[in-house]
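Beneath this line is the structure, given in structure tokens, with notes to follow.
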Amino acid sequence: MCEVCAVFGLGRHWTDAGTLANPRLPAPDIARYRIERRRRIQLFNAILAGTGIVLSDWDGESFWVGRNDGSGERVADLGGVWPVAERLAGRPIDPLEVDFAPAQS
Amino acid sequence: MRLRPKAKIDVLSGFLGSGKTTLLRNHLAAIDSSGVGVVINEYGVTAIDHRLVRYGDDDLRVLASGCACCAVADRLREVLLELLREDARKDGNQLSRIVLETSGLADPASILNTIRADENLAEYLEIGSCVVSFDVVDGVTCAQTYPEVRHQLAGADSVVLTKADLAEHDAIERARSFVRDVNPLAQLHVAGAPDFDVAKVFEYTQGVMGIGPQDTPRHAVGIRSFCLRIEGEVDWASFSIWLTCLLNRHGSRILRFKGILESASYVRPLVVHGVRHLVYPPQHLPDTSVKRGHSDLVFIVDGLDPSQIETSLQRFLKFAARHVEAPEEVRDRRLETSEAT
């Protein structure tokens, strides 16, 4: 977020893959990137369902990986979510081992 | 606020005795080296290589007694900041490029990680090219014994085969084949060949080069390269989360990856690439690039099963499609914004 004008930016992490079609009129792109950020959090929470861990946005700049009891940890970017989530869940989350398919039923 | 344009940092790596310093010396002689800073890292307690490189003391720094990828990573950070600070004190911010010669045991990916992970350095430096020297006489033998060599090769944008004048044709071809197996994405050059232009080697990065399906044979050392093709558009949010998850668990065994992805969230294809845990900011291909209806992802992995990775991605994308709302279809806003302006 811009500290001067309080406008959210595109995000600086590689997962944001942010780019402005027109730097003079950034609002439409910024709005779209906010939606993408929300989608990513939604997906994380679908993966973490059943672990008691919830990911939430922290001021549009970082993330909060928290448990239902209120404990948790702030992480700077989505890459940092997994180590914390694994620690809080007490088990590894390995995409080569986890069969994501059954969870959708 | 950044007050100066970013300087590029090129990393020159290669195993002990593979000819890095000769390559560096030739490179500095071939270019207009004003505005170029040089950092030489040596594993030994006494630095020697810098004496072989004729360069002004002001713009040359030496890091001895350990690898910049691990033991002296903090000192590397300090040295780079010092170069930038000193340049800022001069008139006009002349420093436009830094060439870092690593120690023979260093892992260039870790060094790049150090630079990218540091907020100050990332603000003033951008990653340029990673060039690796590979000795055609002993390189293959070294690579089979020392994993450091394979990691160096896997992280390279360009590999320069050195000492070709000391080797038979068969040895050169064997080295060439070995490098191709470990890193099919890297450009290959033979030092001393008639078409060898060392300055151009350092200009090259893999940012927008084309890739396509390939399946190189399994290498004796356990390193494999393969390409995943995904038909249709990939949801970037889903893909990026899958990749963070994969790298979290297996990043140390994913030596290199690179892909051109087509996503509904972006008008143009995205180039994504990285070295182990390090992912570079995705590049949006220029306006002239059209979507082709599929995405290609090339991986170089050490000890991982390609079919497992492919299955994992497919399952994950299906899972994601069921659990998140569809991405907003992006319009080409350049037209509407140009009218608005």
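Following the order of the structure tokens, chains are lettered A, B, ..., residues in each are numbered from 1, and ligands are numbered from 1.
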
*Which polymer residues have any atom within 6 Å of an atom of Pro282 in chain B, counting only C-alpha atoms, with same-chain residues fewer than 4 positions away left out, as a list of chain:residue names?*
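So, after excluding close chain neighbours, the residues are A:Ala17, B:Val271, B:Val272.
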
_Give me, as number ranges by chain, all polymer residues having an atom no more than 10 Å from Glu86 in chain A, counting only C-alpha atoms and skipping those fewer than 6 positions away in the same chain._
A: 48, 51, 53, 92-94

Write the residues you've just listed into a file as a PDB file, in the first residue's frame, and include N, CA and C atoms for each of them.
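Output file again.pdb follows:
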ATOM      1  N   LEU A  48      -6.506 -25.668   3.304  1.00  0.00           N
ATOM      2  CA  LEU A  48      -6.265 -25.807   4.748  1.00  0.00           C
ATOM      3  C   LEU A  48      -7.520 -26.235   5.505  1.00  0.00           C
ATOM      4  N   THR A  51      -7.876 -28.337   8.926  1.00  0.00           N
ATOM      5  CA  THR A  51      -6.669 -28.283   9.757  1.00  0.00           C
ATOM      6  C   THR A  51      -6.851 -27.311  10.937  1.00  0.00           C
ATOM      7  N   ILE A  53      -6.745 -24.193  10.539  1.00  0.00           N
ATOM      8  CA  ILE A  53      -5.915 -23.019  10.213  1.00  0.00           C
ATOM      9  C   ILE A  53      -6.627 -22.189   9.153  1.00  0.00           C
ATOM     10  N   PRO A  92       3.508 -32.081   7.474  1.00  0.00           N
ATOM     11  CA  PRO A  92       3.890 -31.465   6.203  1.00  0.00           C
ATOM     12  C   PRO A  92       2.719 -31.430   5.227  1.00  0.00           C
ATOM     13  N   ILE A  93       2.741 -30.467   4.357  1.00  0.00           N
ATOM     14  CA  ILE A  93       1.738 -30.406   3.287  1.00  0.00           C
ATOM     15  C   ILE A  93       2.499 -30.542   1.976  1.00  0.00           C
ATOM     16  N   ASP A  94       2.519 -31.742   1.481  1.00  0.00           N
ATOM     17  CA  ASP A  94       3.336 -32.055   0.308  1.00  0.00           C
ATOM     18  C   ASP A  94       2.422 -32.248  -0.902  1.00  0.00           C
TER      19      ASP A  94
END

*asked:* Taking only C-alpha atoms into account and nothing else, which residues of chain B lie no more than 6 Å away from chain A? Please answer as a list in words.
replied: Ala237, Ser240, Thr244, Leu246, Pro281, Pro282, Ser312, Phe319, Val324 and Arg334 of chain B

Expected file contents, prior selection, C-alpha atoms, as a CSV table (one decimal), in the first residue's frame:
chain,number,residue,atom,x,y,z
B,237,ALA,CA,-3.7,-17.8,-8.8
B,240,SER,CA,1.2,-19.9,-8.3
B,244,THR,CA,4.8,-22.2,-3.7
B,246,LEU,CA,5.9,-27.5,-4.4
B,281,PRO,CA,9.2,-11.8,-10.9
B,282,PRO,CA,7.2,-13.1,-13.9
B,312,SER,CA,0.1,-33.2,-8.7
B,319,PHE,CA,-9.3,-29.0,-7.1
B,324,VAL,CA,-12.4,-20.7,-6.1
B,334,ARG,CA,-4.8,-0.5,-23.3

*Name the residues of range 83-132 of chain B that come out as alpha helix (DSSP H) in a backbone DSSP run; write them as an NGL selection string.*
:B and (83-89 or 108-117 or 119-124)

_Residues near Glu173 in chain B, anyone? I mean within 9 Å using only C-alpha atoms, not counting same-chain ones fewer than 5 positions away, as number ranges by chain._
B: 136, 168, 178
